[in-house]
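K.L.:
First the structure, then my questions, so here it is.
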Amino acid sequence: MVEPLYDISVTCTYCTNTFKSKKVRPSFKKASKTDADFCLHYKDINPDFYVVRICPFCGYAHTENFSDKWTPAERAMFQEKVAQNWSMRDYCKERTWEDSIQCFKLALLSAQIKNEKSRIVAGLLHHLAWLYRDKGDWEQEERFLAFALDAYVNVFETEGMDLNNAKLMYLLGELNRRLKRFQEAVKWFSRVINDRKIMDAGMIRASREQWVTTREDMLAMRLELPDEMKQAT
C-alpha cells in the first residue's frame, strides 16, 4: 500500500549537513474546498504541514522558495539567534498541527534573519493564518491575517510590477474584507475591476463577486456604504 508521505533529501545551506524531510504525494492532495483568499481545505492529510524543511542540526527552517545565499552578517545573526540555542530536533516524521505551527514560526524567523523577499514573508504569515483558521482560532487568524496584509502591501509597493498584479490586488481586497476594513477592500476590488490594463478574467470575476460580498457584509452590519456602492442595484 502506498503511503501518503515520502522522504526527500535536503542539504542545509547554513551548516551544509544533509537531512530528510517529508512531502505529501500528489495523489493524496485532495482539497475539499477553497476559501476566497486561496486557503485550501483538505479531506485527509494537509500538505501545508510539510512545506517547511527544518535542519535538525542547526535549526534552519526554510521552504523551497528561500534564497540559497547567506551574507556574513546574516550567518552571524542566525548563529546568535537560532543555531547556538538549538538542541537537535527531528521534524522528519508525521507532523501534528502543533508541529506545523512551530515549523512555520521557525521559517518566519529564518526569513526575517535572511532578509528574504516580502512575498516569502507574506506567504508564511498567510499560511499561519490558514492554520489557525483550520483550528477555528479566529483571534490568532485575525492577528496573522493583519501581519500578512501589511507584508502583501509591502510586496505591492516594492515588487508589484514583477508579479501577477491582479491576483495581488484582489488578495489585498479580500484580506481587508476579512479584517472588516471594508472601505479599503472596496478600493482594491474596484481597482481590479476598473483597470483596463488588467486582462486576468478570473481575478476580475472574483473581484466583482467579493465586491458584492463586501456590500452585503456592510449592509448586514448597518455600515455607511461608499457612494459607488449606493448606486449599485
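Ordering of the C-alpha cells sets the chain letters (A, B, ...); residue numbers start at 1 within each chain; ligands are numbered from 1 in the order shown.
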Can you pull out the residues contacting Ala185 in chain A? Cut-off 12 Å, using only C-alpha atoms, and skip same-chain residues under 6 positions away; I want them as a ChimeraX atom specification.
P.N.:
/A:149,169-179,191-192,207-208,210-215,217-218,226
K.L.:
Find the residues around Ser100 in chain A up to 9 Å (only C-alpha atoms counted), leave out those fewer than 5 positions away in its own chain, and share them as a list of chain:residue names.
P.N.:
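In the requested form, the answer reads A:Asp48, A:Phe49, A:Tyr50, A:Val51, A:Val52, A:Arg95, A:Lys105, A:Leu128, A:Leu131.
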K.L.:
Using DSSP on the backbone coordinates, identify all residues within range 1-216 of chain A classified as strand (DSSP E); present the result as a list in words.
P.N.:
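The strand (DSSP E) subset of range 1-216 of chain A is Leu5, Tyr6, Asp7, Ile8, Ser9, Val10, Thr11, Thr18, Phe19, Lys20, Ser21, Lys22, Lys23, Val24, Ala31, Ser32, Lys33, Thr34, Leu40, His41, Tyr42, Arg53, Ile54, Ala61 and His62 of chain A.
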K.L.:
Set the distance at 7 Å and use only C-alpha atoms: which residues neighbour Phe144 in chain A once local chain neighbours fewer than 2 positions away are removed? I'd like the list as a list in words.
P.N.:
Leu125, His126, Leu128, Ala129, Gln140, Glu141, Glu142, Ala146, Phe147 and Ala148 of chain A
K.L.:
Keeping N, CA, C and O atoms for every residue in the selection just given, could you write it to a file as a PDB file, in the first residue's frame?
P.N.:
```pdb
ATOM      1  N   LEU A 125       3.268  34.186   6.697  1.00  0.00           N
ATOM      2  CA  LEU A 125       2.269  34.771   7.609  1.00  0.00           C
ATOM      3  C   LEU A 125       0.856  34.341   7.212  1.00  0.00           C
ATOM      4  O   LEU A 125       0.027  34.017   8.076  1.00  0.00           O
ATOM      5  N   HIS A 126       0.584  34.321   5.913  1.00  0.00           N
ATOM      6  CA  HIS A 126      -0.739  33.926   5.418  1.00  0.00           C
ATOM      7  C   HIS A 126      -1.002  32.453   5.737  1.00  0.00           C
ATOM      8  O   HIS A 126      -2.106  32.078   6.166  1.00  0.00           O
ATOM      9  N   LEU A 128       0.233  30.783   8.220  1.00  0.00           N
ATOM     10  CA  LEU A 128      -0.044  30.684   9.664  1.00  0.00           C
ATOM     11  C   LEU A 128      -1.496  31.054   9.952  1.00  0.00           C
ATOM     12  O   LEU A 128      -2.167  30.396  10.758  1.00  0.00           O
ATOM     13  N   ALA A 129      -1.998  32.099   9.290  1.00  0.00           N
ATOM     14  CA  ALA A 129      -3.417  32.477   9.455  1.00  0.00           C
ATOM     15  C   ALA A 129      -4.322  31.316   9.042  1.00  0.00           C
ATOM     16  O   ALA A 129      -5.305  30.999   9.718  1.00  0.00           O
ATOM     17  N   GLN A 140      -6.235  34.399  16.673  1.00  0.00           N
ATOM     18  CA  GLN A 140      -4.895  34.243  16.098  1.00  0.00           C
ATOM     19  C   GLN A 140      -4.926  34.368  14.566  1.00  0.00           C
ATOM     20  O   GLN A 140      -4.002  34.925  13.962  1.00  0.00           O
ATOM     21  N   GLU A 141      -5.988  33.864  13.959  1.00  0.00           N
ATOM     22  CA  GLU A 141      -6.114  34.004  12.500  1.00  0.00           C
ATOM     23  C   GLU A 141      -6.121  35.483  12.123  1.00  0.00           C
ATOM     24  O   GLU A 141      -5.400  35.915  11.205  1.00  0.00           O
ATOM     25  N   GLU A 142      -6.925  36.264  12.833  1.00  0.00           N
ATOM     26  CA  GLU A 142      -7.033  37.704  12.562  1.00  0.00           C
ATOM     27  C   GLU A 142      -5.675  38.387  12.726  1.00  0.00           C
ATOM     28  O   GLU A 142      -5.279  39.228  11.914  1.00  0.00           O
ATOM     29  N   ALA A 146      -3.636  40.149   9.582  1.00  0.00           N
ATOM     30  CA  ALA A 146      -3.220  41.564   9.605  1.00  0.00           C
ATOM     31  C   ALA A 146      -1.732  41.689   9.282  1.00  0.00           C
ATOM     32  O   ALA A 146      -1.321  42.568   8.524  1.00  0.00           O
ATOM     33  N   PHE A 147      -0.910  40.792   9.854  1.00  0.00           N
ATOM     34  CA  PHE A 147       0.525  40.790   9.539  1.00  0.00           C
ATOM     35  C   PHE A 147       0.740  40.504   8.046  1.00  0.00           C
ATOM     36  O   PHE A 147       1.562  41.136   7.386  1.00  0.00           O
ATOM     37  N   ALA A 148       0.004  39.498   7.532  1.00  0.00           N
ATOM     38  CA  ALA A 148       0.135  39.115   6.118  1.00  0.00           C
ATOM     39  C   ALA A 148      -0.271  40.278   5.211  1.00  0.00           C
ATOM     40  O   ALA A 148       0.389  40.554   4.203  1.00  0.00           O
TER      41      ALA A 148
END
```
K.L.:
Can you work out the spacing between CA of Asn85 in chain A and CA of Ser9 in chain A in Å, to one decimal?
P.N.:
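According to the coordinates, CA of Asn85 in chain A and CA of Ser9 in chain A are separated by 24.5 Å.
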K.L.:
List as number ranges by chain the protein and nucleic acid residues near Lys30 in chain A, meaning an atom at most 10 Å away when only C-alpha atoms are counted, but skip any in the same chain fewer than 3 places from it.
P.N.:
A: 26-27, 33, 40-47
K.L.:
Can I get the selected residues back with all heavy atoms, as a short mmCIF file (atom, residue, chain, number, x, y, z; two decimals), in the first residue's frame?
P.N.:
```
data_model
loop_
_atom_site.label_atom_id
_atom_site.label_comp_id
_atom_site.auth_asym_id
_atom_site.auth_seq_id
_atom_site.Cartn_x
_atom_site.Cartn_y
_atom_site.Cartn_z
N PRO A 26 1.44 13.73 -4.54
CA PRO A 26 0.39 14.50 -5.25
C PRO A 26 -0.97 13.80 -5.24
O PRO A 26 -2.01 14.46 -5.12
CB PRO A 26 0.93 14.63 -6.67
CG PRO A 26 2.42 14.58 -6.50
CD PRO A 26 2.67 13.63 -5.36
N SER A 27 -0.98 12.47 -5.34
CA SER A 27 -2.26 11.74 -5.40
C SER A 27 -3.05 11.82 -4.09
O SER A 27 -4.24 11.52 -4.05
CB SER A 27 -2.01 10.27 -5.76
OG SER A 27 -1.16 9.67 -4.82
N LYS A 33 -12.43 22.12 -0.32
CA LYS A 33 -12.95 23.44 -0.70
C LYS A 33 -11.81 24.46 -0.68
O LYS A 33 -10.76 24.22 -0.08
CB LYS A 33 -14.10 23.87 0.22
CG LYS A 33 -13.70 24.17 1.65
CD LYS A 33 -14.83 24.88 2.38
CE LYS A 33 -14.40 25.28 3.79
NZ LYS A 33 -15.29 26.21 4.44
N LEU A 40 -6.75 26.43 0.94
CA LEU A 40 -7.29 25.12 0.57
C LEU A 40 -7.58 24.31 1.83
O LEU A 40 -6.76 24.26 2.75
CB LEU A 40 -6.29 24.36 -0.31
CG LEU A 40 -6.05 24.94 -1.70
CD1 LEU A 40 -4.80 24.33 -2.33
CD2 LEU A 40 -7.24 24.70 -2.60
N HIS A 41 -8.75 23.68 1.87
CA HIS A 41 -9.09 22.76 2.96
C HIS A 41 -9.01 21.35 2.41
O HIS A 41 -9.59 21.06 1.35
CB HIS A 41 -10.51 23.05 3.48
CG HIS A 41 -10.64 24.41 4.10
ND1 HIS A 41 -10.54 24.63 5.45
CD2 HIS A 41 -10.84 25.64 3.54
CE1 HIS A 41 -10.68 25.92 5.71
NE2 HIS A 41 -10.86 26.55 4.55
N TYR A 42 -8.30 20.49 3.12
CA TYR A 42 -8.05 19.13 2.61
C TYR A 42 -8.88 18.10 3.35
O TYR A 42 -9.16 18.24 4.54
CB TYR A 42 -6.56 18.80 2.72
CG TYR A 42 -5.71 19.63 1.80
CD1 TYR A 42 -5.16 20.84 2.22
CD2 TYR A 42 -5.48 19.24 0.48
CE1 TYR A 42 -4.39 21.62 1.36
CE2 TYR A 42 -4.71 20.01 -0.38
CZ TYR A 42 -4.18 21.20 0.07
OH TYR A 42 -3.43 21.96 -0.79
N LYS A 43 -9.23 17.03 2.61
CA LYS A 43 -10.07 15.98 3.19
C LYS A 43 -9.30 15.19 4.25
O LYS A 43 -9.81 14.93 5.32
CB LYS A 43 -10.52 15.01 2.08
CG LYS A 43 -11.52 15.62 1.12
CD LYS A 43 -11.85 14.65 0.00
CE LYS A 43 -12.77 15.30 -1.03
NZ LYS A 43 -12.96 14.47 -2.21
N ASP A 44 -8.09 14.78 3.92
CA ASP A 44 -7.34 13.92 4.84
C ASP A 44 -6.09 14.63 5.34
O ASP A 44 -6.15 15.39 6.28
CB ASP A 44 -6.98 12.60 4.12
CG ASP A 44 -8.22 11.89 3.59
OD1 ASP A 44 -9.17 11.71 4.38
OD2 ASP A 44 -8.26 11.54 2.39
N ILE A 45 -5.00 14.39 4.66
CA ILE A 45 -3.71 14.95 5.10
C ILE A 45 -3.52 16.34 4.50
O ILE A 45 -3.89 16.59 3.36
CB ILE A 45 -2.57 13.99 4.70
CG1 ILE A 45 -1.29 14.33 5.43
CG2 ILE A 45 -2.38 13.93 3.21
CD1 ILE A 45 -0.29 13.19 5.43
N ASN A 46 -2.98 17.27 5.30
CA ASN A 46 -2.78 18.65 4.84
C ASN A 46 -1.33 18.82 4.37
O ASN A 46 -0.40 18.80 5.19
CB ASN A 46 -3.08 19.61 5.99
CG ASN A 46 -3.05 21.06 5.54
OD1 ASN A 46 -2.50 21.40 4.50
ND2 ASN A 46 -3.63 21.94 6.35
N PRO A 47 -1.11 19.01 3.06
CA PRO A 47 0.26 19.15 2.55
C PRO A 47 1.01 20.35 3.14
O PRO A 47 2.23 20.36 3.17
CB PRO A 47 0.07 19.33 1.04
CG PRO A 47 -1.30 18.87 0.74
CD PRO A 47 -2.10 19.10 1.98
#
```
K.L.:
Hey, what's within 10 Å of Glu3 in chain A if we count only C-alpha atoms and toss same-chain stuff fewer than 6 positions away? As a tab-separated table (two decimals) with all heavy atoms, in the first residue's frame, please?
P.N.:
```tsv
chain	number	residue	atom	x	y	z
A	24	VAL	N	4.09	15.32	0.82
A	24	VAL	CA	2.86	14.55	0.56
A	24	VAL	C	2.82	14.21	-0.93
A	24	VAL	O	3.03	15.08	-1.78
A	24	VAL	CB	1.62	15.36	0.97
A	24	VAL	CG1	0.33	14.60	0.62
A	24	VAL	CG2	1.65	15.67	2.46
A	25	ARG	N	2.53	12.95	-1.23
A	25	ARG	CA	2.41	12.54	-2.64
A	25	ARG	C	1.25	13.30	-3.29
A	25	ARG	O	0.19	13.46	-2.68
A	25	ARG	CB	2.15	11.04	-2.74
A	25	ARG	CG	3.31	10.19	-2.29
A	25	ARG	CD	3.03	8.71	-2.50
A	25	ARG	NE	3.97	7.92	-1.72
A	25	ARG	CZ	5.23	7.67	-2.08
A	25	ARG	NH1	5.68	8.15	-3.22
A	25	ARG	NH2	6.04	6.97	-1.30
A	28	PHE	N	-2.37	12.25	-2.99
A	28	PHE	CA	-3.06	12.36	-1.71
A	28	PHE	C	-3.47	13.80	-1.39
A	28	PHE	O	-4.04	14.07	-0.34
A	28	PHE	CB	-2.16	11.83	-0.58
A	28	PHE	CG	-2.09	10.32	-0.53
A	28	PHE	CD1	-1.16	9.65	-1.30
A	28	PHE	CD2	-2.94	9.58	0.27
A	28	PHE	CE1	-1.08	8.26	-1.28
A	28	PHE	CE2	-2.87	8.20	0.30
A	28	PHE	CZ	-1.94	7.53	-0.48
```
K.L.:
Could you please determine the separation between CA of Asp37 in chain A and CA of Glu159 in chain A in Å, to one decimal place?
P.N.:
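These two atoms are separated by 20.1 Å.
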K.L.:
Would you mind telling me which residue in A:Met88, A:Cys55, A:Ala201, A:Ile101 lies nearest to Asp134 in chain A when using only C-alpha atoms?
P.N.:
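Of all the options, A:Ile101 lies closest to Asp134 in chain A.
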K.L.:
Of the residues A:Lys81, A:Lys69, A:Arg143, A:Arg133, which is the one nearest to Asn115 in chain A, using only C-alpha atoms?
P.N.:
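Using only C-alpha atoms, Asn115 in chain A sits closest to A:Lys69.
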K.L.:
Running DSSP on the backbone, which parts of range 92-226 of chain A land in helix (DSSP H, G or I), as a VMD selection string?
P.N.:
chain A and resid 97 to 113 118 to 135 138 to 162 165 to 178 182 to 194 201 to 220
K.L.:
Find the residues around range 117-124 of chain A up to 8 Å (only C-alpha atoms counted), leave out those fewer than 5 positions away in its own chain, and share them as a list of chain:residue names.
P.N.:
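Near neighbours after the sequence-gap exclusion: A:Asn65, A:Phe66, A:Phe104, A:Ala107, A:Leu108, A:Ala111, A:Gln112, A:Phe147, A:Ala148, A:Leu149, A:Ala151, A:Tyr152, A:Asn154, A:Val155.
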K.L.:
Quick one: residues within 12 Å of Leu225 in chain A, only C-alpha atoms counted, chain neighbours fewer than 2 positions away excluded, as number ranges by chain?
P.N.:
A: 182-183, 186, 211-212, 214-223, 227-232
K.L.:
Would you compute the distance between CA of Ala76 in chain A and CA of His127 in chain A? Give it in Å to one decimal.
P.N.:
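Separation of CA of Ala76 in chain A and CA of His127 in chain A: 27.8 Å.
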